[in-house]
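Novice: File coords.txt below, compact mmCIF, C-alpha atoms:
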```
# COMPACT_ATOMS: atom_id res chain seq x y z
CA MET A 1 135.08 -111.67 -14.02
CA ASP A 2 133.63 -109.51 -16.81
CA ILE A 3 130.22 -110.16 -18.38
CA LEU A 4 129.09 -108.42 -21.56
CA ILE A 5 125.37 -107.70 -21.22
CA GLU A 6 123.30 -109.00 -24.11
CA ASN A 7 119.68 -110.13 -24.48
CA ASN A 8 119.81 -112.65 -21.63
CA TYR A 9 120.57 -110.08 -18.91
CA GLU A 10 119.26 -106.84 -20.48
CA GLY A 11 116.70 -105.03 -18.29
CA LYS A 12 117.47 -107.07 -15.17
CA LEU A 13 118.62 -105.81 -11.78
CA ILE A 14 122.18 -106.86 -10.93
CA ARG A 15 120.78 -108.45 -7.77
CA GLU A 16 118.52 -110.64 -9.91
CA VAL A 17 121.38 -111.70 -12.17
CA LEU A 18 123.62 -112.55 -9.22
CA LYS A 19 121.00 -114.59 -7.39
CA LYS A 20 118.92 -116.26 -10.09
CA ASP A 21 121.18 -116.44 -13.14
CA LEU A 22 124.62 -116.86 -11.60
CA GLY A 23 123.42 -118.79 -8.56
CA TYR A 24 125.39 -116.75 -6.01
CA SER A 25 124.63 -117.31 -2.35
CA VAL A 26 123.50 -114.54 -0.01
CA ASN A 27 126.95 -114.48 1.61
CA MET A 28 128.68 -114.21 -1.75
CA ILE A 29 126.48 -111.29 -2.78
CA LYS A 30 127.17 -109.55 0.55
CA LYS A 31 130.91 -109.88 0.01
CA LEU A 32 130.60 -108.32 -3.44
CA LYS A 33 128.35 -105.51 -2.18
CA PHE A 34 130.71 -104.45 0.58
CA SER A 35 133.92 -104.75 -1.42
CA PRO A 36 135.05 -101.44 -3.00
CA ASP A 37 135.73 -103.21 -6.30
CA GLY A 38 133.08 -105.88 -5.85
CA ILE A 39 130.50 -104.79 -8.44
CA LYS A 40 131.18 -102.38 -11.28
CA VAL A 41 129.49 -101.52 -14.56
CA ASN A 42 131.64 -100.01 -17.30
CA GLY A 43 134.36 -99.42 -14.71
CA GLN A 44 132.12 -97.54 -12.25
CA TRP A 45 130.94 -98.77 -8.86
CA VAL A 46 127.20 -99.52 -8.75
CA THR A 47 124.70 -101.05 -6.34
CA VAL A 48 122.83 -104.31 -6.90
CA ARG A 49 119.77 -102.20 -7.83
CA TYR A 50 121.38 -101.07 -11.08
CA VAL A 51 119.33 -102.06 -14.16
CA LEU A 52 121.57 -103.60 -16.79
CA LYS A 53 121.52 -102.34 -20.39
CA ARG A 54 122.67 -103.99 -23.58
CA GLY A 55 126.36 -103.32 -24.13
CA ASP A 56 127.16 -102.83 -20.42
CA VAL A 57 130.16 -104.66 -19.03
CA LEU A 58 129.39 -106.06 -15.58
CA SER A 59 132.59 -106.66 -13.59
CA LEU A 60 132.49 -108.88 -10.51
CA HIS A 61 135.57 -109.00 -8.31
CA THR A 62 135.45 -112.64 -7.25
CA GLU A 63 139.17 -113.31 -7.48
CA ASP A 64 140.94 -114.76 -4.46
CA LYS A 65 143.22 -112.54 -2.42
CA PRO A 66 146.42 -113.60 -0.61
CA GLU A 67 144.63 -113.33 2.74
CA ASP A 68 142.11 -115.96 1.54
CA VAL A 69 144.82 -118.63 1.36
CA SER A 70 144.95 -120.96 4.37
CA PRO A 71 148.32 -120.84 6.17
CA TYR A 72 147.70 -124.44 7.27
CA ILE A 73 147.85 -125.86 3.73
CA ILE A 74 151.55 -126.07 2.90
CA PRO A 75 152.53 -126.71 -0.73
CA VAL A 76 154.19 -130.13 -1.03
CA ASP A 77 155.41 -131.81 -4.20
CA LEU A 78 153.39 -135.05 -4.10
CA PRO A 79 152.48 -137.42 -6.95
CA LEU A 80 148.85 -136.78 -7.88
CA GLU A 81 147.18 -137.59 -11.20
CA VAL A 82 144.92 -134.87 -12.64
CA VAL A 83 142.19 -136.31 -14.87
CA TYR A 84 140.45 -133.01 -15.73
CA GLU A 85 141.60 -129.41 -15.40
CA ASP A 86 140.64 -125.93 -16.54
CA GLU A 87 140.51 -122.50 -14.95
CA TYR A 88 137.30 -123.37 -13.09
CA VAL A 89 137.64 -127.00 -11.99
CA THR A 90 140.33 -129.57 -11.23
CA VAL A 91 139.44 -133.26 -10.86
CA VAL A 92 142.09 -135.55 -9.43
CA ASN A 93 142.40 -139.32 -9.34
CA LYS A 94 143.02 -139.55 -5.60
CA PRO A 95 145.14 -142.52 -4.59
CA TYR A 96 144.17 -144.51 -1.52
CA ASN A 97 146.02 -143.73 1.71
CA MET A 98 145.96 -140.01 0.87
CA PRO A 99 143.68 -137.79 2.96
CA SER A 100 141.73 -135.05 1.22
CA HIS A 101 142.53 -132.26 3.69
CA PRO A 102 145.18 -131.68 6.39
CA SER A 103 144.33 -132.84 9.89
CA LEU A 104 146.14 -133.89 13.06
CA GLY A 105 148.76 -136.39 11.94
CA HIS A 106 148.29 -135.57 8.24
CA LYS A 107 149.61 -132.09 7.62
CA LEU A 108 151.87 -132.64 4.61
CA ASP A 109 150.48 -135.65 2.71
CA THR A 110 147.05 -134.59 1.45
CA VAL A 111 145.33 -133.68 -1.80
CA ALA A 112 145.23 -130.09 -0.55
CA ASN A 113 149.03 -130.02 -0.13
CA ALA A 114 149.57 -131.46 -3.61
CA LEU A 115 147.25 -128.99 -5.33
CA ALA A 116 148.70 -126.06 -3.39
CA TYR A 117 152.07 -127.05 -4.86
CA ARG A 118 150.66 -127.49 -8.37
CA TYR A 119 149.21 -123.97 -8.26
CA ARG A 120 152.00 -122.42 -6.20
CA ASP A 121 152.56 -119.62 -8.74
CA ILE A 122 149.04 -118.19 -8.35
CA THR A 123 146.79 -117.24 -5.44
CA TYR A 124 145.19 -120.62 -4.81
CA VAL A 125 142.49 -121.57 -2.31
CA PHE A 126 141.71 -125.28 -1.87
CA ARG A 127 137.95 -125.73 -2.36
CA PRO A 128 136.89 -129.40 -2.53
CA THR A 129 133.40 -130.01 -3.91
CA ASN A 130 133.46 -133.52 -2.52
CA ARG A 131 135.89 -135.35 -0.26
CA LEU A 132 136.83 -139.00 -0.21
CA ASP A 133 137.79 -141.12 2.77
CA ARG A 134 141.56 -141.53 3.06
CA ASP A 135 141.45 -145.11 1.74
CA THR A 136 138.85 -144.50 -0.98
CA SER A 137 140.46 -143.84 -4.35
CA GLY A 138 139.23 -142.11 -7.50
CA CYS A 139 137.52 -138.98 -8.77
CA MET A 140 137.61 -136.01 -6.41
CA LEU A 141 136.29 -132.63 -7.55
CA THR A 142 137.76 -129.28 -6.55
CA ALA A 143 136.78 -125.76 -7.61
CA ASN A 144 139.51 -123.32 -8.60
CA THR A 145 137.59 -120.09 -8.05
CA ARG A 146 135.15 -118.76 -5.49
CA ASP A 147 132.50 -118.41 -8.19
CA ALA A 148 132.97 -121.99 -9.40
CA SER A 149 132.87 -123.29 -5.83
CA TYR A 150 129.47 -121.75 -5.11
CA LYS A 151 128.04 -123.18 -8.33
CA MET A 152 129.51 -126.63 -7.78
CA MET A 153 128.30 -126.81 -4.19
CA LYS A 154 124.80 -125.73 -5.28
CA ALA A 155 124.85 -128.39 -7.99
CA MET A 156 125.86 -130.94 -5.34
CA MET A 157 123.04 -129.91 -3.00
CA ASP A 158 120.55 -129.97 -5.89
CA GLY A 159 121.58 -133.51 -6.83
CA ARG A 160 122.99 -132.48 -10.20
CA ILE A 161 126.38 -134.10 -9.61
CA ARG A 162 126.24 -137.84 -10.26
CA LYS A 163 128.92 -140.04 -8.69
CA SER A 164 129.42 -143.72 -9.51
CA TYR A 165 131.61 -146.02 -7.43
CA ILE A 166 133.01 -149.50 -7.98
CA ALA A 167 132.86 -151.62 -4.83
CA VAL A 168 133.81 -155.23 -4.11
CA THR A 169 131.72 -156.77 -1.35
CA GLU A 170 131.78 -159.85 0.83
CA GLY A 171 128.43 -161.41 0.10
CA VAL A 172 126.03 -160.80 -2.77
CA PRO A 173 122.94 -158.56 -2.41
CA ALA A 174 119.67 -160.49 -2.65
CA GLU A 175 118.43 -158.12 -5.35
CA ARG A 176 120.62 -157.60 -8.44
CA GLU A 177 119.83 -153.90 -8.42
CA GLY A 178 117.86 -151.54 -6.27
CA VAL A 179 117.83 -148.58 -3.90
CA LEU A 180 119.02 -148.62 -0.31
CA ARG A 181 117.31 -146.11 1.99
CA SER A 182 117.96 -145.43 5.65
CA PHE A 183 118.97 -142.76 8.15
CA MET A 184 122.50 -142.32 9.50
CA HIS A 185 124.32 -140.49 12.26
CA ARG A 186 127.58 -140.58 14.20
CA LYS A 187 127.92 -143.36 16.75
CA ASP A 188 127.76 -142.07 20.31
CA ASP A 189 131.07 -143.62 21.39
CA SER A 190 133.13 -142.78 18.29
CA ILE A 191 134.39 -139.72 16.42
CA ILE A 192 134.90 -141.77 13.26
CA GLU A 193 132.17 -144.40 12.96
CA ARG A 194 128.68 -143.73 11.67
CA GLU A 195 125.68 -146.02 11.86
CA GLU A 196 122.17 -146.49 10.56
CA CYS A 197 119.56 -145.21 12.95
CA SER A 198 115.93 -144.31 13.48
CA PRO A 199 114.74 -141.17 11.66
CA ASP A 200 113.93 -139.78 15.11
CA ALA A 201 117.47 -140.28 16.44
CA PRO A 202 119.62 -137.22 17.21
CA ASP A 203 121.31 -135.83 14.09
CA ALA A 204 119.64 -138.44 11.88
CA LYS A 205 120.04 -137.67 8.18
CA PRO A 206 118.54 -139.54 5.22
CA ALA A 207 120.86 -141.69 3.12
CA VAL A 208 119.94 -143.03 -0.32
CA THR A 209 122.08 -145.26 -2.57
CA GLU A 210 121.30 -146.76 -5.98
CA TYR A 211 123.23 -149.90 -6.92
CA LYS A 212 123.62 -152.63 -9.52
CA VAL A 213 125.49 -155.93 -9.18
CA LEU A 214 127.88 -156.16 -12.13
CA CYS A 215 129.12 -159.69 -11.46
CA ASP A 216 129.51 -162.18 -8.61
CA ASN A 217 130.93 -165.62 -7.80
CA GLY A 218 128.29 -166.54 -5.22
CA LYS A 219 130.40 -165.27 -2.32
CA GLU A 220 131.66 -161.85 -3.44
CA ALA A 221 130.29 -159.25 -5.81
CA VAL A 222 131.44 -156.28 -7.85
CA ILE A 223 128.90 -153.49 -7.51
CA LEU A 224 128.29 -150.19 -9.28
CA ALA A 225 126.92 -147.83 -6.61
CA SER A 226 125.68 -144.24 -6.82
CA PRO A 227 125.08 -142.30 -3.60
CA LEU A 228 122.20 -139.87 -4.05
CA THR A 229 123.03 -138.27 -0.71
CA GLY A 230 126.41 -137.44 0.76
CA ARG A 231 126.65 -139.03 4.20
CA THR A 232 130.03 -139.91 5.67
CA HIS A 233 130.86 -143.60 4.97
CA GLN A 234 127.44 -143.94 3.31
CA LEU A 235 128.26 -146.72 0.84
CA ARG A 236 130.30 -148.69 3.36
CA ILE A 237 127.48 -148.55 5.92
CA HIS A 238 124.68 -149.29 3.45
CA PHE A 239 126.28 -152.46 2.10
CA ALA A 240 127.40 -153.64 5.52
CA GLY A 241 123.79 -153.09 6.60
CA ILE A 242 122.51 -155.66 4.07
CA GLY A 243 125.18 -158.18 5.04
CA CYS A 244 127.61 -157.29 2.25
CA PRO A 245 130.46 -155.26 3.76
CA MET A 246 133.20 -154.13 1.44
CA VAL A 247 136.20 -156.42 1.15
CA GLY A 248 138.99 -155.13 3.38
CA ASP A 249 136.79 -152.76 5.41
CA THR A 250 138.09 -153.23 8.94
CA LEU A 251 135.71 -150.60 10.34
CA TYR A 252 132.39 -152.03 9.14
CA GLY A 253 133.46 -155.53 8.11
CA SER A 254 136.77 -157.39 8.31
CA GLY A 255 140.25 -157.34 6.80
CA SER A 256 141.31 -159.19 3.67
CA GLU A 257 144.41 -161.15 2.64
CA TYR A 258 144.14 -159.68 -0.86
CA ILE A 259 143.85 -155.93 -0.24
CA ASP A 260 144.98 -153.65 2.60
CA ARG A 261 142.12 -151.15 2.42
CA HIS A 262 138.37 -151.17 1.78
CA ALA A 263 137.66 -152.00 -1.87
CA LEU A 264 135.93 -148.81 -2.94
CA HIS A 265 136.80 -146.59 -5.91
CA SER A 266 135.14 -143.39 -7.14
CA TRP A 267 135.00 -144.47 -10.78
CA ARG A 268 132.99 -141.86 -12.65
CA THR A 269 131.63 -138.39 -11.93
CA VAL A 270 129.28 -136.31 -14.08
CA PHE A 271 128.90 -132.63 -13.16
CA PRO A 272 127.49 -129.44 -14.72
CA HIS A 273 130.37 -127.19 -15.67
CA PRO A 274 130.24 -123.96 -13.61
CA ARG A 275 130.90 -121.87 -16.73
CA ASP A 276 127.84 -122.88 -18.77
CA GLY A 277 126.11 -125.79 -17.05
CA GLU A 278 127.08 -128.25 -19.77
CA PRO A 279 127.63 -131.79 -18.40
CA VAL A 280 131.22 -133.02 -18.01
CA THR A 281 132.01 -136.71 -17.51
CA VAL A 282 135.26 -137.70 -15.83
CA THR A 283 136.46 -141.26 -15.24
CA SER A 284 139.25 -142.59 -13.00
CA PRO A 285 140.60 -146.00 -14.09
CA ILE A 286 140.19 -148.84 -11.61
CA PRO A 287 143.43 -148.95 -9.56
CA GLU A 288 145.74 -151.93 -9.63
CA ASP A 289 144.96 -153.22 -6.13
CA ILE A 290 141.20 -153.42 -6.79
CA ALA A 291 141.74 -154.81 -10.30
CA MET A 292 143.98 -157.56 -8.84
CA LEU A 293 141.42 -158.28 -6.13
CA ILE A 294 138.70 -158.71 -8.75
CA GLU A 295 140.96 -161.04 -10.74
CA LYS A 296 141.86 -163.14 -7.66
CA LEU A 297 138.16 -163.58 -6.89
CA GLY A 298 137.56 -164.82 -10.42
CA LEU A 299 135.32 -161.89 -11.32
CA ASP A 300 135.19 -160.01 -14.61
CA ILE A 301 134.12 -156.39 -15.16
CA ASP A 302 135.69 -155.62 -18.51
CA ASN A 303 132.51 -154.00 -19.80
CA ILE A 304 131.33 -151.47 -17.23
CA GLU A 305 128.50 -149.25 -18.39
```
Could you render the structure from this file as structure tokens?
Specialist:
Amino acid sequence: MDILIENNYEGKLIREVLKKDLGYSVNMIKKLKFSPDGIKVNGQWVTVRYVLKRGDVLSLHTEDKPEDVSPYIIPVDLPLEVVYEDEYVTVVNKPYNMPSHPSLGHKLDTVANALAYRYRDITYVFRPTNRLDRDTSGCMLTANTRDASYKMMKAMMDGRIRKSYIAVTEGVPAEREGVLRSFMHRKDDSIIEREECSPDAPDAKPAVTEYKVLCDNGKEAVILASPLTGRTHQLRIHFAGIGCPMVGDTLYGSGSEYIDRHALHSWRTVFPHPRDGEPVTVTSPIPEDIAMLIEKLGLDIDNIE
């Protein structure tokens, strides 16, 4: 990556630009410092103590190398809809029943496999900014470069990435909109399940969810939910915790005759673009199985805002 130095960076130490302006982590800066081609100005190697001048060209070698590519992610030609794509970011509309990343029993059927195939002609490293449960559909963000990944992860940790989900629940929340707050951790006797817990419990982490009931029939509800934290199964646990488990959720609720997975879809994501920080809004249409479920329950969400 080459940066032409103008007024915004003139007179600054490279270290300051890397840390404060570009948002690089300590580890990222170390990698650049100890790489022979990591940091150059006007084609010459420099240290991070170099003071930048107007007209300088700062070159940062952040490109991926073949040895960075995981040998465990095998390119596989799988159907996967891309809803946003540029050199920095790819956002996919993940179908349900597709894991995000390879694991035992799922080595060739994941989002990672599909994207590795899509970008098979370049050096590609799979870097998900967020992951979705296997049976949760919708927007899933991935970064296409090391630089973009650091910026996207920092944006995520700073709460600058806003995710909105559509959920169908058994039961209707007592309040039409509100904020659910609790602490969560992994259940002692399970490697999959999580649960709400005391803030003093081992590994307890805060979980916060904003929500709004879009419509209901007295027994079920369609809800717009935004997790402000990123706990595993957070939305499923929060709504089960108020007596409104998601339709079809066999882990925290019960199965359904209308849908063969939990009714949860990552509908819209707003994120600051890693190039310039400008907000990007990406939407994944509600999938057919959830749309049919909503219709069968006599609910109507034609005007989601």
Novice: Which residues are near Asp121 in chain A? Cut-off 12 Å, only C-alpha atoms, ignore same chain within fewer than 5 positions. Put them as a ChimeraX atom specification.
Specialist: /A:66,75,115-116
Novice: What's the 7 Å shell around Arg162 in chain A, counting only C-alpha atoms, without same-chain residues fewer than 2 positions away, as a list in words?
Specialist: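 Using only C-alpha atoms, the neighbours found are Arg160, Ser164, Thr269, Val270 and Phe271 of chain A.
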Novice: Which residues of range 146-177 of chain A come within 10 Å of range 80-101 of chain A, and what is each one's closest atom pair and distance in Å (one decimal), counting only C-alpha atoms, sorted by chain and residue number, as a tab-separated table?
Specialist:
```
residue	atom	partner	partner_atom	distance
A:Arg146	CA	A:Tyr88	CA	9.1
A:Asp147	CA	A:Tyr88	CA	8.5
A:Ala148	CA	A:Tyr88	CA	5.9
A:Ser149	CA	A:Tyr88	CA	8.5
A:Met152	CA	A:Val89	CA	9.2
```
Novice: Hey, can you check how far CA of Leu18 in chain A sits from CA of Pro128 in chain A?
Specialist: 22.5 Å
Novice: Which one is closest to Val222 in chain A: A:Met292, A:Ile301, A:Ile237, A:Ala207? Count all atoms listed in the file.
Specialist: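 Smallest separation from Val222 in chain A among the options: A:Ile301.
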Novice: Using only C-alpha atoms, can you list as a PyMOL selection string the residues within 10 Å of (131.7, -145.9, 3.6)?
Specialist: chain A and resi 132-133+135-136+193-194+231-240+245-246+249+251-252+262+264
Novice: When distances are computed from only C-alpha atoms, which of A:Asn144, A:Ser137, A:Thr281, A:Ser59 shows the smallest separation from Ala112 in chain A?
Specialist: A:Asn144
Novice: Provide the CA of Arg186 in chain A to CA of Ser198 in chain A distance in Å, to one decimal place.
Specialist: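 Answer for the CA of Arg186 in chain A to CA of Ser198 in chain A separation: 12.3 Å.
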Novice: Figure out the distance between CA of Asp64 in chain A and CA of Lys12 in chain A, please, to one decimal in Å.
Specialist: 26.9 Å
Novice: Give me, as a list in words, all polymer residues having an atom no more than 10 Å from Ala291 in chain A, counting all atoms listed in the file and skipping those fewer than 6 positions away in the same chain.
Specialist: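 Those residues are Ala263, Pro285, Leu299, Asp300 and Ile301 of chain A.
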Novice: For the interface of range 14-46 of chain A with range 2-8 of chain A (cut-off 10 Å, counting all atoms listed in the file), please tabulate each contacting residue of range 14-46 of chain A alongside its nearest pair of atoms and their separation in Å to one decimal, rows sorted by chain and increasing number, as a Markdown table.
Specialist:
```
| residue | atom | partner | partner_atom | distance |
| --- | --- | --- | --- | --- |
| A:Val17 | CA | A:Asn8 | CA | 9.6 |
| A:Asp21 | CA | A:Asn8 | CA | 9.4 |
| A:Lys40 | CA | A:Asp2 | CA | 9.3 |
| A:Val41 | CA | A:Asp2 | CA | 9.3 |
| A:Asn42 | CA | A:Asp2 | CA | 9.7 |
```
Novice: Quick one: residues within 10 Å of Gly43 in chain A, only C-alpha atoms, excluding same-chain residues fewer than 6 positions away - as a list in words?
Specialist: Asp37, Asp56, Val57, Leu58 and Ser59 of chain A
Novice: Skipping near chain neighbours, those fewer than 2 positions away, what residues fall within 12 Å of Leu214 in chain A using all atoms listed in the file, listed as a list of chain:residue names?
Specialist: A:Tyr165, A:Ile166, A:Ala167, A:Val168, A:Thr169, A:Val172, A:Pro173, A:Glu175, A:Arg176, A:Glu177, A:Tyr211, A:Lys212, A:Asp216, A:Asn217, A:Glu220, A:Ala221, A:Val222, A:Ile223, A:Leu224, A:Ala225, A:Ile294, A:Leu299, A:Asp300, A:Ile301, A:Asp302, A:Asn303, A:Ile304, A:Glu305
Novice: Write the residues you've just listed into a file as a tab-separated table (two decimals), in the frame of the given file, and include C-alpha atoms for each of them.
Specialist:
```
chain	number	residue	atom	x	y	z
A	165	TYR	CA	131.61	-146.02	-7.43
A	166	ILE	CA	133.01	-149.50	-7.98
A	167	ALA	CA	132.86	-151.62	-4.83
A	168	VAL	CA	133.81	-155.23	-4.11
A	169	THR	CA	131.72	-156.77	-1.35
A	172	VAL	CA	126.03	-160.80	-2.77
A	173	PRO	CA	122.94	-158.56	-2.41
A	175	GLU	CA	118.43	-158.12	-5.35
A	176	ARG	CA	120.62	-157.60	-8.44
A	177	GLU	CA	119.83	-153.90	-8.42
A	211	TYR	CA	123.23	-149.90	-6.92
A	212	LYS	CA	123.62	-152.63	-9.52
A	216	ASP	CA	129.51	-162.18	-8.61
A	217	ASN	CA	130.93	-165.62	-7.80
A	220	GLU	CA	131.66	-161.85	-3.44
A	221	ALA	CA	130.29	-159.25	-5.81
A	222	VAL	CA	131.44	-156.28	-7.85
A	223	ILE	CA	128.90	-153.49	-7.51
A	224	LEU	CA	128.29	-150.19	-9.28
A	225	ALA	CA	126.92	-147.83	-6.61
A	294	ILE	CA	138.70	-158.71	-8.75
A	299	LEU	CA	135.32	-161.89	-11.32
A	300	ASP	CA	135.19	-160.01	-14.61
A	301	ILE	CA	134.12	-156.39	-15.16
A	302	ASP	CA	135.69	-155.62	-18.51
A	303	ASN	CA	132.51	-154.00	-19.80
A	304	ILE	CA	131.33	-151.47	-17.23
A	305	GLU	CA	128.50	-149.25	-18.39
```
Novice: A:Ser254, A:Thr110, A:Ser190, A:Thr62: which is nearest Ile74 in chain A, counting all atoms listed in the file?
Specialist: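 Going through A:Ser254, A:Thr110, A:Ser190, A:Thr62 one by one, the smallest distance to Ile74 in chain A is for A:Thr110.
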Novice: Using all atoms listed in the file for the distances, tell me which of A:Val26, A:Ile73, A:Val179, A:Met1 is nearest to Gly38 in chain A.
Specialist: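 The answer is A:Met1, which sits nearest to Gly38 in chain A.
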